[in-house]
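*Asks:* Questions regarding the structure given below will be posed in turn.
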Amino acid sequence: MSEPEHQHDFHLPSPSGVPIVTGLGVALMLFGFVPDARLWRFGLVTVGATVAGAAVWRWLMDAMHEYRNLPD
């Protein structure tokens, strides 16, 4: 007896490392906010914000591209 083939009406996005990079950027940025007298911490905030911002941008672009290419 063969099982009927199921057709799903939902879409799962493809795997991506962008959420991990976003989290690392945010963690780096937050680490830069730790109170300290050293000025290099401002650099960590800048680098972390840049990494997180670029990763979020990439994440949104990937999501929009995937949404536009969904089958009808």
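We name chains A, B, ... following the order of the structure tokens; residues begin at 1 in each chain, and ligands are numbered from 1 as shown.
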With a distance cut-off of 12 Å and only C-alpha atoms, select the neighbouring residues of Asp62 in chain A, excluding the residue or stretch itself and same-chain residues fewer than 4 positions from it, and output the selection as a PyMOL selection string.

*Replies:* chain A and resi 13-19+55-58+66-69

*Asks:* So which residues of chain A fall under alpha helix (DSSP H) by DSSP, listed as a JSON list (two decimals) with N, CA and C atoms, in the first residue's frame?

*Replies:*
```json
[["chain", "number", "residue", "atom", "x", "y", "z"],
["A", 18, "VAL", "N", 23.82, 34.19, 8.37],
["A", 18, "VAL", "CA", 23.65, 35.62, 8.63],
["A", 18, "VAL", "C", 23.14, 35.90, 10.05],
["A", 19, "PRO", "N", 22.20, 35.14, 10.61],
["A", 19, "PRO", "CA", 21.79, 35.41, 11.99],
["A", 19, "PRO", "C", 22.94, 35.27, 13.00],
["A", 20, "ILE", "N", 23.84, 34.36, 12.76],
["A", 20, "ILE", "CA", 24.99, 34.20, 13.66],
["A", 20, "ILE", "C", 25.91, 35.41, 13.56],
["A", 21, "VAL", "N", 26.16, 35.88, 12.34],
["A", 21, "VAL", "CA", 27.01, 37.06, 12.15],
["A", 21, "VAL", "C", 26.36, 38.28, 12.79],
["A", 22, "THR", "N", 25.04, 38.39, 12.66],
["A", 22, "THR", "CA", 24.32, 39.51, 13.30],
["A", 22, "THR", "C", 24.50, 39.46, 14.81],
["A", 23, "GLY", "N", 24.34, 38.29, 15.38],
["A", 23, "GLY", "CA", 24.53, 38.14, 16.83],
["A", 23, "GLY", "C", 25.94, 38.46, 17.28],
["A", 24, "LEU", "N", 26.93, 38.05, 16.49],
["A", 24, "LEU", "CA", 28.32, 38.36, 16.84],
["A", 24, "LEU", "C", 28.58, 39.87, 16.77],
["A", 25, "GLY", "N", 28.01, 40.52, 15.76],
["A", 25, "GLY", "CA", 28.16, 41.98, 15.65],
["A", 25, "GLY", "C", 27.53, 42.70, 16.82],
["A", 26, "VAL", "N", 26.35, 42.27, 17.22],
["A", 26, "VAL", "CA", 25.68, 42.88, 18.37],
["A", 26, "VAL", "C", 26.46, 42.62, 19.65],
["A", 27, "ALA", "N", 26.98, 41.40, 19.82],
["A", 27, "ALA", "CA", 27.77, 41.08, 21.01],
["A", 27, "ALA", "C", 29.04, 41.92, 21.07],
["A", 28, "LEU", "N", 29.69, 42.09, 19.93],
["A", 28, "LEU", "CA", 30.89, 42.92, 19.87],
["A", 28, "LEU", "C", 30.57, 44.36, 20.22],
["A", 29, "MET", "N", 29.46, 44.85, 19.71],
["A", 29, "MET", "CA", 29.04, 46.21, 19.99],
["A", 29, "MET", "C", 28.73, 46.38, 21.48],
["A", 30, "LEU", "N", 28.02, 45.43, 22.05],
["A", 30, "LEU", "CA", 27.69, 45.52, 23.48],
["A", 30, "LEU", "C", 28.94, 45.39, 24.35],
["A", 31, "PHE", "N", 29.89, 44.56, 23.94],
["A", 31, "PHE", "CA", 31.15, 44.45, 24.68],
["A", 31, "PHE", "C", 31.88, 45.78, 24.69],
["A", 32, "GLY", "N", 31.74, 46.56, 23.63],
["A", 32, "GLY", "CA", 32.37, 47.88, 23.58],
["A", 32, "GLY", "C", 31.75, 48.88, 24.53],
["A", 40, "TRP", "N", 39.82, 52.44, 22.89],
["A", 40, "TRP", "CA", 39.65, 51.44, 21.85],
["A", 40, "TRP", "C", 38.28, 50.78, 21.92],
["A", 41, "ARG", "N", 37.58, 50.93, 23.03],
["A", 41, "ARG", "CA", 36.24, 50.36, 23.16],
["A", 41, "ARG", "C", 35.26, 51.02, 22.19],
["A", 42, "PHE", "N", 35.49, 52.31, 21.89],
["A", 42, "PHE", "CA", 34.65, 52.99, 20.91],
["A", 42, "PHE", "C", 34.81, 52.35, 19.53],
["A", 43, "GLY", "N", 36.00, 51.89, 19.26],
["A", 43, "GLY", "CA", 36.25, 51.17, 18.01],
["A", 43, "GLY", "C", 35.46, 49.88, 17.95],
["A", 44, "LEU", "N", 35.35, 49.18, 19.09],
["A", 44, "LEU", "CA", 34.56, 47.94, 19.13],
["A", 44, "LEU", "C", 33.09, 48.22, 18.86],
["A", 45, "VAL", "N", 32.60, 49.32, 19.42],
["A", 45, "VAL", "CA", 31.20, 49.69, 19.19],
["A", 45, "VAL", "C", 30.99, 49.97, 17.70],
["A", 46, "THR", "N", 31.93, 50.70, 17.10],
["A", 46, "THR", "CA", 31.82, 51.04, 15.68],
["A", 46, "THR", "C", 31.90, 49.80, 14.80],
["A", 47, "VAL", "N", 32.87, 48.93, 15.06],
["A", 47, "VAL", "CA", 33.01, 47.71, 14.27],
["A", 47, "VAL", "C", 31.80, 46.81, 14.47],
["A", 48, "GLY", "N", 31.36, 46.64, 15.70],
["A", 48, "GLY", "CA", 30.20, 45.80, 15.99],
["A", 48, "GLY", "C", 28.94, 46.32, 15.32],
["A", 49, "ALA", "N", 28.73, 47.63, 15.37],
["A", 49, "ALA", "CA", 27.55, 48.21, 14.73],
["A", 49, "ALA", "C", 27.61, 48.05, 13.21],
["A", 50, "THR", "N", 28.81, 48.19, 12.65],
["A", 50, "THR", "CA", 28.97, 48.02, 11.21],
["A", 50, "THR", "C", 28.69, 46.58, 10.79],
["A", 51, "VAL", "N", 29.25, 45.63, 11.53],
["A", 51, "VAL", "CA", 29.03, 44.22, 11.22],
["A", 51, "VAL", "C", 27.55, 43.86, 11.37],
["A", 52, "ALA", "N", 26.94, 44.28, 12.47],
["A", 52, "ALA", "CA", 25.53, 43.97, 12.71],
["A", 52, "ALA", "C", 24.66, 44.63, 11.65],
["A", 53, "GLY", "N", 24.94, 45.88, 11.31],
["A", 53, "GLY", "CA", 24.14, 46.58, 10.31],
["A", 53, "GLY", "C", 24.26, 45.93, 8.94],
["A", 54, "ALA", "N", 25.48, 45.56, 8.55],
["A", 54, "ALA", "CA", 25.68, 44.90, 7.25],
["A", 54, "ALA", "C", 25.00, 43.54, 7.23],
["A", 55, "ALA", "N", 25.06, 42.80, 8.34],
["A", 55, "ALA", "CA", 24.44, 41.48, 8.39],
["A", 55, "ALA", "C", 22.91, 41.59, 8.33],
["A", 56, "VAL", "N", 22.34, 42.57, 9.01],
["A", 56, "VAL", "CA", 20.89, 42.76, 8.96],
["A", 56, "VAL", "C", 20.48, 43.15, 7.55],
["A", 57, "TRP", "N", 21.27, 44.02, 6.91],
["A", 57, "TRP", "CA", 20.98, 44.41, 5.53],
["A", 57, "TRP", "C", 20.99, 43.18, 4.61],
["A", 58, "ARG", "N", 22.01, 42.35, 4.76],
["A", 58, "ARG", "CA", 22.12, 41.13, 3.94],
["A", 58, "ARG", "C", 20.94, 40.19, 4.20],
["A", 59, "TRP", "N", 20.57, 40.08, 5.47],
["A", 59, "TRP", "CA", 19.46, 39.22, 5.86],
["A", 59, "TRP", "C", 18.17, 39.69, 5.20],
["A", 60, "LEU", "N", 17.92, 41.00, 5.22],
["A", 60, "LEU", "CA", 16.72, 41.54, 4.60],
["A", 60, "LEU", "C", 16.75, 41.36, 3.09],
["A", 61, "MET", "N", 17.90, 41.58, 2.46],
["A", 61, "MET", "CA", 18.00, 41.41, 1.02],
["A", 61, "MET", "C", 17.76, 39.95, 0.61],
["A", 62, "ASP", "N", 18.31, 39.02, 1.39],
["A", 62, "ASP", "CA", 18.09, 37.59, 1.12],
["A", 62, "ASP", "C", 16.61, 37.23, 1.27],
["A", 63, "ALA", "N", 15.98, 37.77, 2.32],
["A", 63, "ALA", "CA", 14.56, 37.47, 2.55],
["A", 63, "ALA", "C", 13.69, 38.05, 1.44],
["A", 64, "MET", "N", 13.99, 39.26, 1.00],
["A", 64, "MET", "CA", 13.21, 39.86, -0.09],
["A", 64, "MET", "C", 13.41, 39.11, -1.39],
["A", 65, "HIS", "N", 14.64, 38.68, -1.66],
["A", 65, "HIS", "CA", 14.93, 37.92, -2.87],
["A", 65, "HIS", "C", 14.18, 36.58, -2.85],
["A", 66, "GLU", "N", 14.20, 35.92, -1.69],
["A", 66, "GLU", "CA", 13.51, 34.64, -1.57],
["A", 66, "GLU", "C", 12.00, 34.81, -1.71],
["A", 67, "TYR", "N", 11.46, 35.89, -1.13],
["A", 67, "TYR", "CA", 10.02, 36.14, -1.19],
["A", 67, "TYR", "C", 9.58, 36.40, -2.63],
["A", 68, "ARG", "N", 10.39, 37.16, -3.37],
["A", 68, "ARG", "CA", 10.05, 37.47, -4.75],
["A", 68, "ARG", "C", 10.10, 36.26, -5.66]]
```
